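Have a look at entry_31.cif; it's mmCIF, C-alpha atoms (C1' of nucleotides):
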data_work
loop_
_atom_site.label_atom_id
_atom_site.label_comp_id
_atom_site.auth_asym_id
_atom_site.auth_seq_id
_atom_site.Cartn_x
_atom_site.Cartn_y
_atom_site.Cartn_z
CA MET L 1 0.00 0.00 0.00
CA PRO L 2 2.71 2.45 0.85
CA VAL L 3 3.92 1.04 -2.43
CA ASP L 4 5.17 4.25 -3.92
CA ALA L 5 4.67 6.30 -0.78
CA ILE L 6 8.26 5.54 0.06
CA ALA L 7 9.37 6.67 -3.38
CA VAL L 8 7.58 9.94 -2.77
CA LEU L 9 9.57 10.40 0.41
CA ALA L 10 12.81 9.66 -1.38
CA GLU L 11 13.02 13.26 -2.54
CA PRO L 12 14.83 15.47 -0.02
CA THR L 13 12.88 18.53 -1.05
CA ARG L 14 9.61 16.75 -0.39
CA ARG L 15 10.78 15.73 3.05
CA ARG L 16 11.64 19.34 3.74
CA ILE L 17 8.14 20.32 2.71
CA LEU L 18 6.68 17.75 5.07
CA ASP L 19 8.92 19.02 7.85
CA GLU L 20 7.61 22.51 7.30
CA LEU L 21 4.00 21.39 7.22
CA ARG L 22 4.51 19.44 10.40
CA LEU L 23 5.31 22.70 12.14
CA ALA L 24 2.53 24.68 10.53
CA ASP L 25 0.11 24.60 7.65
CA SER L 26 1.50 26.78 4.88
CA SER L 27 0.62 28.41 1.62
CA VAL L 28 2.62 27.69 -1.49
CA GLY L 29 4.24 31.09 -1.26
CA GLN L 30 5.38 30.48 2.29
CA LEU L 31 6.95 27.20 1.27
CA VAL L 32 8.68 28.83 -1.66
CA GLU L 33 10.22 31.28 0.76
CA LYS L 34 11.29 28.66 3.26
CA LEU L 35 12.76 26.36 0.67
CA ALA L 36 14.42 29.06 -1.41
CA MET L 37 13.27 27.37 -4.58
CA SER L 38 11.24 28.37 -7.61
CA GLN L 39 7.51 28.36 -7.22
CA PRO L 40 6.87 25.87 -10.01
CA ALA L 41 9.24 23.39 -8.40
CA VAL L 42 7.37 23.64 -5.12
CA SER L 43 3.99 23.33 -6.80
CA LYS L 44 5.12 20.21 -8.59
CA HIS L 45 6.33 18.58 -5.40
CA LEU L 46 3.08 19.49 -3.73
CA LYS L 47 1.22 17.80 -6.53
CA VAL L 48 3.16 14.60 -5.97
CA LEU L 49 2.55 14.77 -2.24
CA ARG L 50 -1.12 15.47 -2.80
CA GLU L 51 -1.62 12.55 -5.16
CA ALA L 52 0.13 10.27 -2.71
CA GLY L 53 -2.17 11.47 0.06
CA PHE L 54 0.50 13.05 2.23
CA VAL L 55 -1.10 16.48 2.08
CA THR L 56 -4.38 18.19 1.34
CA SER L 57 -5.03 21.77 0.37
CA ARG L 58 -7.81 24.13 1.22
CA THR L 59 -8.45 27.31 -0.70
CA ALA L 60 -8.18 30.62 1.10
CA ALA L 61 -8.65 33.55 -1.26
CA GLN L 62 -5.95 33.25 -3.89
CA GLN L 63 -3.81 31.10 -1.65
CA ARG L 64 -3.91 27.37 -1.15
CA ILE L 65 -3.08 26.27 2.33
CA TYR L 66 -1.48 22.86 2.56
CA SER L 67 -1.60 20.58 5.58
CA LEU L 68 -0.44 17.08 6.42
CA GLU L 69 -2.56 13.97 6.26
CA PRO L 70 -1.60 11.08 8.53
CA GLY L 71 -2.66 8.25 6.24
CA PRO L 72 0.51 7.51 4.28
CA PHE L 73 2.63 7.95 7.37
CA ARG L 74 0.64 5.28 9.12
CA ALA L 75 1.00 3.07 6.07
CA LEU L 76 4.75 3.51 6.20
CA ASP L 77 4.67 2.63 9.86
CA ALA L 78 2.73 -0.49 9.01
CA TRP L 79 5.27 -1.44 6.39
CA LEU L 80 7.97 -1.05 8.98
CA ALA L 81 6.21 -3.22 11.56
CA PRO L 82 7.58 -6.63 10.57
CA TYR L 83 11.09 -5.23 10.61
CA ARG L 84 10.47 -3.67 13.98
CA ARG L 85 9.84 -7.12 15.35
CA MET L 86 13.18 -8.14 13.94
CA TRP L 87 15.19 -5.35 15.46
CA ASN L 88 13.46 -5.78 18.81
CA ARG L 89 15.07 -9.17 19.04
CA HIS L 90 18.41 -7.39 18.70
CA LEU L 91 17.94 -5.14 21.72
CA THR L 92 20.76 -4.97 24.21
CA ALA L 93 20.01 -4.86 27.89
CA LEU L 94 20.45 -1.11 27.95
CA GLU L 95 18.22 -0.56 24.99
CA ARG L 96 15.67 -2.89 26.45
CA HIS L 97 15.62 -0.76 29.56
CA LEU L 98 15.17 2.46 27.58
CA GLU L 99 12.39 0.81 25.66
CA GLU L 100 10.35 0.63 28.86
CA SER L 101 9.75 4.37 29.05
CA MET X 1 20.63 10.34 9.31
CA PRO X 2 18.30 8.14 7.36
CA VAL X 3 19.12 10.82 4.84
CA ASP X 4 19.36 8.56 1.86
CA ALA X 5 18.12 5.47 3.65
CA ILE X 6 14.66 6.33 2.44
CA ALA X 7 15.92 6.74 -1.10
CA VAL X 8 17.43 3.28 -0.84
CA LEU X 9 14.04 1.90 0.13
CA ALA X 10 12.35 3.68 -2.74
CA GLU X 11 13.35 0.86 -5.08
CA PRO X 12 10.74 -1.92 -5.16
CA THR X 13 13.34 -4.53 -5.96
CA ARG X 14 15.35 -3.58 -2.91
CA ARG X 15 12.27 -3.85 -0.73
CA ARG X 16 11.68 -7.32 -2.14
CA ILE X 17 15.24 -8.23 -1.23
CA LEU X 18 14.69 -6.99 2.31
CA ASP X 19 11.47 -8.96 2.50
CA GLU X 20 13.32 -12.10 1.52
CA LEU X 21 16.10 -11.49 3.98
CA ARG X 22 13.58 -10.90 6.73
CA LEU X 23 12.38 -14.45 6.22
CA ALA X 24 15.82 -15.97 5.91
CA ASP X 25 19.43 -15.08 5.29
CA SER X 26 20.22 -15.80 1.65
CA SER X 27 23.04 -16.10 -0.81
CA VAL X 28 23.13 -13.95 -3.91
CA GLY X 29 22.16 -16.94 -6.01
CA GLN X 30 19.11 -17.66 -3.90
CA LEU X 31 17.99 -14.07 -4.27
CA VAL X 32 18.52 -14.17 -8.01
CA GLU X 33 16.24 -17.17 -8.14
CA LYS X 34 13.55 -15.64 -5.92
CA LEU X 35 13.54 -12.34 -7.74
CA ALA X 36 13.79 -13.78 -11.24
CA MET X 37 16.30 -11.13 -12.18
CA SER X 38 19.81 -11.07 -13.57
CA GLN X 39 22.61 -11.69 -11.11
CA PRO X 40 24.37 -8.38 -11.76
CA ALA X 41 21.20 -6.48 -11.02
CA VAL X 42 20.84 -8.24 -7.69
CA SER X 43 24.48 -7.69 -6.84
CA LYS X 44 24.17 -4.00 -7.52
CA HIS X 45 21.13 -3.66 -5.31
CA LEU X 46 22.94 -5.56 -2.59
CA LYS X 47 25.82 -3.16 -2.88
CA VAL X 48 23.48 -0.22 -2.34
CA LEU X 49 21.83 -1.93 0.61
CA ARG X 50 25.23 -2.80 2.06
CA GLU X 51 26.57 0.73 1.79
CA ALA X 52 23.43 2.07 3.42
CA GLY X 53 23.85 -0.41 6.27
CA PHE X 54 20.67 -2.38 5.65
CA VAL X 55 22.51 -5.64 5.15
CA THR X 56 25.81 -7.32 5.86
CA SER X 57 27.40 -10.29 4.16
CA ARG X 58 29.45 -13.14 5.47
CA THR X 59 31.52 -15.38 3.23
CA ALA X 60 30.72 -19.07 3.08
CA ALA X 61 32.88 -20.86 0.54
CA GLN X 62 32.18 -19.24 -2.81
CA GLN X 63 28.88 -17.86 -1.62
CA ARG X 64 28.16 -14.66 0.23
CA ILE X 65 25.33 -14.89 2.68
CA TYR X 66 23.43 -11.67 3.23
CA SER X 67 21.46 -10.80 6.34
CA LEU X 68 19.55 -7.81 7.64
CA GLU X 69 20.91 -5.17 9.96
CA PRO X 70 18.45 -3.28 12.13
CA GLY X 71 20.24 0.05 12.22
CA PRO X 72 18.73 1.87 9.25
CA PHE X 73 15.29 0.55 10.07
CA ARG X 74 15.51 2.08 13.49
CA ALA X 75 16.72 5.32 11.94
CA LEU X 76 13.70 5.34 9.68
CA ASP X 77 11.52 4.72 12.68
CA ALA X 78 13.16 7.68 14.39
CA TRP X 79 12.51 9.86 11.38
CA LEU X 80 8.90 8.86 11.50
CA ALA X 81 8.54 9.62 15.20
CA PRO X 82 7.57 13.30 14.99
CA TYR X 83 4.93 12.47 12.43
CA ARG X 84 3.66 9.68 14.61
CA ARG X 85 2.91 12.24 17.27
CA MET X 86 0.90 14.11 14.71
CA TRP X 87 -1.24 11.22 13.61
CA ASN X 88 -1.81 10.12 17.18
CA ARG X 89 -3.68 13.35 17.70
CA HIS X 90 -5.97 12.23 14.90
CA LEU X 91 -6.98 8.96 16.52
CA THR X 92 -10.66 8.19 16.76
CA ALA X 93 -12.06 6.63 19.89
CA LEU X 94 -12.01 3.20 18.29
CA GLU X 95 -8.47 3.52 17.13
CA ARG X 96 -7.48 4.81 20.49
CA HIS X 97 -8.88 1.69 22.03
CA LEU X 98 -7.07 -0.60 19.61
CA GLU X 99 -3.90 1.31 20.35
CA GLU X 100 -4.01 0.00 23.92
CA SER X 101 -3.18 -3.56 22.99
"C1'" DA E 1 -14.49 43.82 -16.97
"C1'" DC E 2 -9.72 44.51 -16.04
"C1'" DC E 3 -5.73 44.12 -13.03
"C1'" DG E 4 -2.75 42.15 -9.72
"C1'" DA E 5 -1.64 38.37 -6.66
"C1'" DC E 6 -1.16 33.54 -6.20
"C1'" DT E 7 -0.76 28.97 -7.94
"C1'" DA E 8 -0.78 25.28 -11.55
"C1'" DT E 9 0.89 23.51 -15.94
"C1'" DT E 10 3.84 22.99 -19.95
"C1'" DC E 11 8.16 22.57 -22.26
"C1'" DC E 12 12.85 21.59 -22.21
"C1'" DA E 13 17.69 20.26 -20.76
"C1'" DC E 14 20.07 17.61 -17.71
"C1'" DT E 15 21.18 14.06 -14.57
"C1'" DG E 16 20.85 9.75 -12.31
"C1'" DC E 17 19.35 5.17 -11.89
"C1'" DG E 18 17.97 0.35 -13.14
"C1'" DG E 19 18.58 -3.26 -16.26
"C1'" DT E 20 21.26 -6.29 -19.49
"C1'" DT E 21 25.51 -8.16 -21.62
"C1'" DA E 22 30.20 -8.92 -21.17
"C1'" DT E 23 34.19 -9.39 -18.34
"C1'" DA E 24 36.98 -9.67 -14.10
"C1'" DT E 25 37.82 -11.46 -9.52
"C1'" DA E 26 37.56 -14.95 -5.85
"C1'" DA E 27 37.14 -19.49 -3.93
"C1'" DC E 28 36.81 -24.41 -4.04
"C1'" DC E 29 38.19 -28.95 -6.27
"C1'" DG E 30 40.50 -32.35 -9.00
"C1'" DC G 1 47.58 -25.34 -12.13
"C1'" DG G 2 43.07 -25.81 -14.96
"C1'" DG G 3 38.28 -25.81 -14.60
"C1'" DT G 4 34.02 -24.72 -12.41
"C1'" DT G 5 31.00 -22.20 -9.43
"C1'" DA G 6 29.66 -17.90 -7.30
"C1'" DT G 7 29.80 -13.03 -7.05
"C1'" DA G 8 31.39 -8.41 -8.24
"C1'" DT G 9 32.49 -4.84 -11.55
"C1'" DA G 10 32.49 -2.34 -16.15
"C1'" DA G 11 30.36 -0.49 -20.08
"C1'" DC G 12 26.37 0.80 -22.25
"C1'" DC G 13 21.53 2.10 -22.96
"C1'" DG G 14 16.91 3.75 -22.08
"C1'" DC G 15 13.88 6.06 -19.20
"C1'" DA G 16 11.98 8.64 -15.46
"C1'" DG G 17 12.28 12.49 -12.61
"C1'" DT G 18 13.91 17.20 -11.19
"C1'" DG G 19 14.55 22.03 -11.86
"C1'" DG G 20 14.11 26.46 -14.39
"C1'" DA G 21 11.77 29.75 -17.61
"C1'" DA G 22 7.78 30.79 -19.75
"C1'" DT G 23 2.84 30.43 -19.88
"C1'" DA G 24 -1.87 29.60 -18.43
"C1'" DG G 25 -5.40 29.47 -15.02
"C1'" DT G 26 -7.93 31.25 -10.79
"C1'" DC G 27 -9.62 34.42 -7.56
"C1'" DG G 28 -10.56 38.84 -5.24
"C1'" DG G 29 -10.58 43.88 -5.54
"C1'" DT G 30 -11.68 48.20 -7.66
#
With the file now loaded, output its structure as structure tokens.
Amino acid sequence: MPVDAIAVLAEPTRRRILDELRLADSSVGQLVEKLAMSQPAVSKHLKVLREAGFVTSRTAAQQRIYSLEPGPFRALDAWLAPYRRMWNRHLTALERHLEES
Amino acid sequence: MPVDAIAVLAEPTRRRILDELRLADSSVGQLVEKLAMSQPAVSKHLKVLREAGFVTSRTAAQQRIYSLEPGPFRALDAWLAPYRRMWNRHLTALERHLEES
DNA sequence: ACCGACTATTCCACTGCGGTTATATAACCG
DNA sequence: CGGTTATATAACCGCAGTGGAATAGTCGGT
């Protein structure tokens, strides 16, 4: 399911966008400023993120405010689950203690 | 840290390799058979996975047995952590109940 | 209805990556 | 040492994706 969700995350710029949106919903213009990149580039990445379900946009006047959607993140977490079981078997005593908290 | 770890996982073939190795350590030849792909292709993917720390290989006669390493998976999990906090705020009552188990 | 602000789309050049074929290296065996 | 098996590397090709510049679309204000 997260089939190509991971591929979407492979792009550093897209991860930066997600980092920004995690802190606050943003308009395209705000992202352009933060990322110091051309507006078309940002819009194109947003399109990819949108189609993969990572973000949604609501219209506010001429701006479009983007915000995160948890779905694909949860899917990625689910993909990771079987491996998590594996690495839990590799816990050292110290790590096992930290795991308690 | 998982900087390009995610990019490494973006490749479907590499995820298939990881899936196989999760079930059992395997030689290159065994992976070639499972994946129905040319041996050089598999070797190249293994090189990428090795350099990203996802797998290690031990030599057994002419064969090289590959096995998983938990490190990068944990790093990915760490990258996901801040987003996990986000989607936890979106839990419904039902989900919240299931989360208890 | 026109203008200005904001965003999306198109076109193009470039780069990088995955796959195959061919070849090199390494290890075991007689 | 010669031959065979097993894996890695090299060279090449085709394609997909990214970024910029230019262009089109959308919406509110006057």
Q: Name the residues captured by the PyMOL selection byres ((chain L and resi 17-31) around 6) when it is applied to the shown file; answer as a list in words.
A: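 For this structure, the PyMOL selection byres ((chain L and resi 17-31) around 6) captures Arg14, Arg15, Arg16, Val32, Glu33, Lys34, Leu35, Arg64, Ile65, Tyr66 and Ser67 of chain L.
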Just the selected residues (C-alpha atoms), exported as an mmCIF file, in the frame of the given file, please.
data_model
loop_
_atom_site.group_PDB
_atom_site.id
_atom_site.type_symbol
_atom_site.label_atom_id
_atom_site.label_comp_id
_atom_site.auth_asym_id
_atom_site.auth_seq_id
_atom_site.Cartn_x
_atom_site.Cartn_y
_atom_site.Cartn_z
ATOM 1 C CA ARG L 14 9.610 16.750 -0.390
ATOM 2 C CA ARG L 15 10.780 15.730 3.050
ATOM 3 C CA ARG L 16 11.640 19.340 3.740
ATOM 4 C CA VAL L 32 8.680 28.830 -1.660
ATOM 5 C CA GLU L 33 10.220 31.280 0.760
ATOM 6 C CA LYS L 34 11.290 28.660 3.260
ATOM 7 C CA LEU L 35 12.760 26.360 0.670
ATOM 8 C CA ARG L 64 -3.910 27.370 -1.150
ATOM 9 C CA ILE L 65 -3.080 26.270 2.330
ATOM 10 C CA TYR L 66 -1.480 22.860 2.560
ATOM 11 C CA SER L 67 -1.600 20.580 5.580
#
Q.
Can you measure C1' of DA22 in chain E to CA of Leu49 in chain X for me? One decimal in Å is fine.
A. 24.4 Å
Taking a cut-off of 12 Å and counting all atoms listed in the file, can you build a table that, for each residue of chain E near chain X, reports the nearest atom pair and how far apart they are in Å (one decimal), sorted by chain then residue number, as JSON lines?
{"residue": "E:DC17", "atom": "C1'", "partner": "X:Glu11", "partner_atom": "CA", "distance": 10.0}
{"residue": "E:DG18", "atom": "C1'", "partner": "X:Ala41", "partner_atom": "CA", "distance": 7.8}
{"residue": "E:DG19", "atom": "C1'", "partner": "X:Ala41", "partner_atom": "CA", "distance": 6.7}
{"residue": "E:DT20", "atom": "C1'", "partner": "X:Ser38", "partner_atom": "CA", "distance": 7.7}
{"residue": "E:DT21", "atom": "C1'", "partner": "X:Pro40", "partner_atom": "CA", "distance": 9.9}
{"residue": "E:DA22", "atom": "C1'", "partner": "X:Pro40", "partner_atom": "CA", "distance": 11.1}
{"residue": "E:DT23", "atom": "C1'", "partner": "X:Pro40", "partner_atom": "CA", "distance": 11.9}
{"residue": "E:DT25", "atom": "C1'", "partner": "X:Gln62", "partner_atom": "CA", "distance": 11.7}
{"residue": "E:DA26", "atom": "C1'", "partner": "X:Gln62", "partner_atom": "CA", "distance": 7.5}
{"residue": "E:DA27", "atom": "C1'", "partner": "X:Gln62", "partner_atom": "CA", "distance": 5.1}
{"residue": "E:DC28", "atom": "C1'", "partner": "X:Ala61", "partner_atom": "CA", "distance": 7.0}
{"residue": "E:DC29", "atom": "C1'", "partner": "X:Ala61", "partner_atom": "CA", "distance": 11.8}
Could you give me, as JSON lines, a per-residue list for chain X showing, wherever an atom lies at most 8 Å from an atom of chain L, the closest pair of atoms and their distance in Å to one decimal, using only C-alpha atoms and sorting by chain then residue number from low to high?
{"residue": "X:Val3", "atom": "CA", "partner": "L:Pro12", "partner_atom": "CA", "distance": 8.0}
{"residue": "X:Asp4", "atom": "CA", "partner": "L:Ala10", "partner_atom": "CA", "distance": 7.4}
{"residue": "X:Ile6", "atom": "CA", "partner": "L:Ala10", "partner_atom": "CA", "distance": 5.4}
{"residue": "X:Ala7", "atom": "CA", "partner": "L:Ala10", "partner_atom": "CA", "distance": 4.3}
{"residue": "X:Val8", "atom": "CA", "partner": "L:Ala10", "partner_atom": "CA", "distance": 7.9}
{"residue": "X:Leu9", "atom": "CA", "partner": "L:Ile6", "partner_atom": "CA", "distance": 6.8}
{"residue": "X:Ala10", "atom": "CA", "partner": "L:Ala7", "partner_atom": "CA", "distance": 4.3}
{"residue": "X:Glu11", "atom": "CA", "partner": "L:Ala7", "partner_atom": "CA", "distance": 7.2}
{"residue": "X:Pro12", "atom": "CA", "partner": "L:Val3", "partner_atom": "CA", "distance": 7.9}
{"residue": "X:Arg22", "atom": "CA", "partner": "L:Tyr83", "partner_atom": "CA", "distance": 7.3}
{"residue": "X:Glu69", "atom": "CA", "partner": "L:Trp87", "partner_atom": "CA", "distance": 7.9}
{"residue": "X:Pro70", "atom": "CA", "partner": "L:Trp87", "partner_atom": "CA", "distance": 5.1}
{"residue": "X:Phe73", "atom": "CA", "partner": "L:Tyr83", "partner_atom": "CA", "distance": 7.2}
{"residue": "X:Arg74", "atom": "CA", "partner": "L:Arg84", "partner_atom": "CA", "distance": 7.7}
{"residue": "X:Asp77", "atom": "CA", "partner": "L:Asp77", "partner_atom": "CA", "distance": 7.7}
{"residue": "X:Leu80", "atom": "CA", "partner": "L:Phe73", "partner_atom": "CA", "distance": 7.6}
{"residue": "X:Tyr83", "atom": "CA", "partner": "L:Phe73", "partner_atom": "CA", "distance": 7.2}
{"residue": "X:Arg84", "atom": "CA", "partner": "L:Phe73", "partner_atom": "CA", "distance": 7.5}
{"residue": "X:Met86", "atom": "CA", "partner": "L:Pro70", "partner_atom": "CA", "distance": 7.3}
{"residue": "X:Trp87", "atom": "CA", "partner": "L:Pro70", "partner_atom": "CA", "distance": 5.1}
{"residue": "X:His90", "atom": "CA", "partner": "L:Pro70", "partner_atom": "CA", "distance": 7.8}
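One distance worth recording is that between C1' of DA21 in chain G and C1' of DT7 in chain E, which is 15.8 Å.
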**Q.** Residues of chain G within 8 Å of chain X, all atoms listed in the file counted, as a PyMOL selection string
**A.** chain G and resi 5-8
Q. So what do you get for C1' of DG4 in chain E versus CA of Arg50 in chain L, distance-wise?
A. 27.6 Å
Q) Using all atoms listed in the file, what residues lie at most 10 Å away from (12.1, 13.6, -13.5) (file coordinates), given as a ChimeraX atom specification? A) /E:14-16 /G:15-19
Non-local contacts of DG30 in chain E (12 Å; all atoms listed in the file; under 2 positions in same chain excluded) as a PDB file with C-alpha atoms (C1' of nucleotides), in the coordinates of the input:
ATOM      1  C1'  DC E  28      36.810 -24.410  -4.040  1.00  0.00           C
TER       2       DC E  28
ATOM      3  C1'  DC G   1      47.580 -25.340 -12.130  1.00  0.00           C
ATOM      4  C1'  DG G   2      43.070 -25.810 -14.960  1.00  0.00           C
ATOM      5  C1'  DG G   3      38.280 -25.810 -14.600  1.00  0.00           C
ATOM      6  C1'  DT G   4      34.020 -24.720 -12.410  1.00  0.00           C
TER       7       DT G   4
END
